[in-house]
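Coordinates as given in upload-v1.cif (mmCIF, C-alpha atoms and all ligand atoms; chains and numbers go by the auth columns):
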```cif
data_final
#
loop_
_atom_site.group_PDB
_atom_site.id
_atom_site.type_symbol
_atom_site.label_atom_id
_atom_site.label_comp_id
_atom_site.label_asym_id
_atom_site.label_seq_id
_atom_site.Cartn_x
_atom_site.Cartn_y
_atom_site.Cartn_z
_atom_site.B_iso_or_equiv
_atom_site.auth_seq_id
_atom_site.auth_asym_id
ATOM 1 C CA MET A 1 0.000 0.000 0.000 0.00 5 A
ATOM 2 C CA PRO A 2 1.204 3.466 -0.785 0.00 6 A
ATOM 3 C CA ILE A 3 2.410 5.480 2.149 0.00 7 A
ATOM 4 C CA TYR A 4 3.032 9.131 1.477 0.00 8 A
ATOM 5 C CA GLU A 5 4.956 11.619 3.501 0.00 9 A
ATOM 6 C CA TYR A 6 3.248 14.825 4.410 0.00 10 A
ATOM 7 C CA LYS A 7 4.482 18.032 5.919 0.00 11 A
ATOM 8 C CA CYS A 8 2.385 20.498 7.830 0.00 12 A
ATOM 9 C CA ASN A 9 2.616 24.039 6.530 0.00 13 A
ATOM 10 C CA VAL A 10 1.567 25.454 9.874 0.00 14 A
ATOM 11 C CA CYS A 11 3.831 23.791 12.434 0.00 15 A
ATOM 12 C CA GLY A 12 6.242 22.047 10.073 0.00 16 A
ATOM 13 C CA HIS A 13 5.518 18.611 11.468 0.00 17 A
ATOM 14 C CA GLU A 14 6.322 15.770 9.095 0.00 18 A
ATOM 15 C CA PHE A 15 4.332 12.577 9.177 0.00 19 A
ATOM 16 C CA GLU A 16 3.416 9.581 7.079 0.00 20 A
ATOM 17 C CA GLU A 17 -0.080 8.782 5.957 0.00 21 A
ATOM 18 C CA LEU A 18 -1.437 5.635 4.395 0.00 22 A
ATOM 19 C CA VAL A 19 -3.330 6.663 1.283 0.00 23 A
ATOM 20 C CA LEU A 20 -5.937 4.255 -0.006 0.00 24 A
ATOM 21 C CA SER A 21 -7.092 6.410 -2.896 0.00 25 A
ATOM 22 C CA SER A 22 -4.777 8.167 -5.325 0.00 26 A
ATOM 23 C CA CYS A 23 -7.053 11.189 -5.371 0.00 27 A
ATOM 24 C CA ALA A 24 -7.621 11.414 -1.645 0.00 28 A
ATOM 25 C CA GLU A 25 -7.442 14.776 0.020 0.00 29 A
ATOM 26 C CA SER A 26 -4.524 15.707 2.194 0.00 30 A
ATOM 27 C CA PRO A 27 -4.883 14.515 5.767 0.00 31 A
ATOM 28 C CA VAL A 28 -4.880 16.850 8.712 0.00 32 A
ATOM 29 C CA CYS A 29 -1.787 17.396 10.798 0.00 33 A
ATOM 30 C CA PRO A 30 -1.732 15.046 13.792 0.00 34 A
ATOM 31 C CA GLU A 31 0.000 17.726 15.825 0.00 35 A
ATOM 32 C CA CYS A 32 -2.051 20.866 15.270 0.00 36 A
ATOM 33 C CA LYS A 33 -5.038 19.385 13.413 0.00 37 A
ATOM 34 C CA SER A 34 -4.440 21.758 10.540 0.00 38 A
ATOM 35 C CA PRO A 35 -5.540 20.728 7.033 0.00 39 A
ATOM 36 C CA GLU A 36 -2.699 22.791 5.606 0.00 40 A
ATOM 37 C CA THR A 37 -0.567 19.760 4.784 0.00 41 A
ATOM 38 C CA GLU A 38 1.550 19.172 1.718 0.00 42 A
ATOM 39 C CA LYS A 39 2.430 15.829 0.182 0.00 43 A
ATOM 40 C CA GLN A 40 6.141 15.226 -0.066 0.00 44 A
ATOM 41 C CA LEU A 41 7.779 13.400 -2.912 0.00 45 A
ATOM 42 C CA SER A 42 8.700 9.832 -2.131 0.00 46 A
ATOM 43 C CA SER A 43 12.415 9.553 -1.627 0.00 47 A
ATOM 44 C CA PHE A 44 12.579 5.783 -1.696 0.00 48 A
ATOM 45 C CA SER A 45 10.594 4.746 -4.767 0.00 49 A
ATOM 46 C CA SER A 46 12.262 6.999 -7.333 0.00 50 A
ATOM 47 C CA GLY A 47 13.584 5.043 -10.279 0.00 51 A
ATOM 48 C CA ALA A 48 12.380 1.757 -8.895 0.00 52 A
ATOM 49 C CA SER A 49 10.043 -0.579 -10.698 0.00 53 A
ATOM 50 C CA PHE A 50 7.074 1.005 -9.032 0.00 54 A
ATOM 51 C CA GLU A 51 3.892 0.621 -11.000 0.00 55 A
ATOM 52 C CA ASP A 52 2.122 3.934 -11.220 0.00 56 A
ATOM 53 C CA PRO A 53 -1.560 3.522 -10.331 0.00 57 A
ATOM 54 C CA MET A 54 -2.381 6.523 -12.494 0.00 58 A
ATOM 55 C CA PRO A 55 -1.113 6.178 -16.078 0.00 59 A
ATOM 56 C CA SER A 56 -0.354 9.244 -18.124 0.00 60 A
ATOM 57 C CA ILE A 57 -3.525 11.054 -19.000 0.00 61 A
ATOM 58 C CA PRO A 58 -3.880 11.936 -22.699 0.00 62 A
ATOM 59 C CA PRO A 59 -3.985 15.722 -23.310 0.00 63 A
ATOM 60 C CA SER A 60 -7.126 15.532 -25.423 0.00 64 A
ATOM 61 C CA GLY A 61 -10.518 14.548 -24.140 0.00 65 A
ATOM 62 C CA GLY A 62 -11.637 14.410 -20.578 0.00 66 A
ATOM 63 C CA CYS A 63 -14.630 15.623 -18.691 0.00 67 A
ATOM 64 C CA GLY A 64 -14.385 19.230 -19.786 0.00 68 A
ATOM 65 C CA SER A 65 -16.904 21.254 -21.740 0.00 69 A
ATOM 66 C CA SER A 66 -16.445 19.804 -25.203 0.00 70 A
ATOM 67 C CA GLY A 67 -19.609 20.754 -27.072 0.00 71 A
ATOM 68 C CA PHE A 68 -17.879 20.594 -30.419 0.00 72 A
ATOM 69 C CA SER A 69 -19.778 18.524 -32.975 0.00 73 A
HETATM 70 ZN ZN ZN B . 0.795 21.014 12.127 0.00 101 A
#
```

If you took the structure in this file and wrote it as structure tokens, what would it be?
Ligand SMILES: [Zn+2]
Amino acid sequence: MPIYEYKCNVCGHEFEELVLSSCAESPVCPECKSPETEKQLSSFSSGASFEDPMPSIPPSGGCGSSGFS
């Protein structure tokens, strides 16, 4: 399971959070309960054979307003 590192922008506390969904919102800081947390880049899985759960999204298409016919 993916575990991401987060850092609180308020008190600077760094913590790890188990993320079940790739599009989950940032957790609150366990120290000051602030939602102002920022996800840190993984320092251990860079370059490894880590399968990305979210493949590259094509630039065209999507759920935007495409009323072109
Ligand atoms: Zn904090």

Distance criterion (all atoms listed in the file): nearest to ligand ZN 101 (chain A) out of A:Glu29, A:Glu40, A:Val23, A:Leu45: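 For ligand ZN 101 (chain A), the nearest of the candidates is A:Glu40.
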
Neighbours of Glu42 of chain A within 9 Å (only C-alpha atoms; same-chain residues fewer than 5 positions away dropped), as a PyMOL selection string? chain A and resi 9-13+30-31

Would you please work out which residue, of A:Ile7, A:Val32, A:Cys15, A:Leu24, is nearest to ligand ZN 101 (chain A) when using all atoms listed in the file? A:Cys15

Could you tell me how far atom CA of Ser60 of chain A sits from atom CA of Pro39 of chain A, in Å to one decimal place? 28.1 Å

Could you list, as a CSV table (one decimal) with C-alpha atoms, keeping the file's coordinate frame, all protein and nucleic acid residues with an atom at most 6 Å from ligand ZN 101 (chain A), counting only C-alpha atoms and all ligand atoms?
```
chain,number,residue,atom,x,y,z
A,12,CYS,CA,2.4,20.5,7.8
A,14,VAL,CA,1.6,25.5,9.9
A,15,CYS,CA,3.8,23.8,12.4
A,16,GLY,CA,6.2,22.0,10.1
A,17,HIS,CA,5.5,18.6,11.5
A,33,CYS,CA,-1.8,17.4,10.8
A,35,GLU,CA,0.0,17.7,15.8
A,36,CYS,CA,-2.1,20.9,15.3
A,38,SER,CA,-4.4,21.8,10.5
```
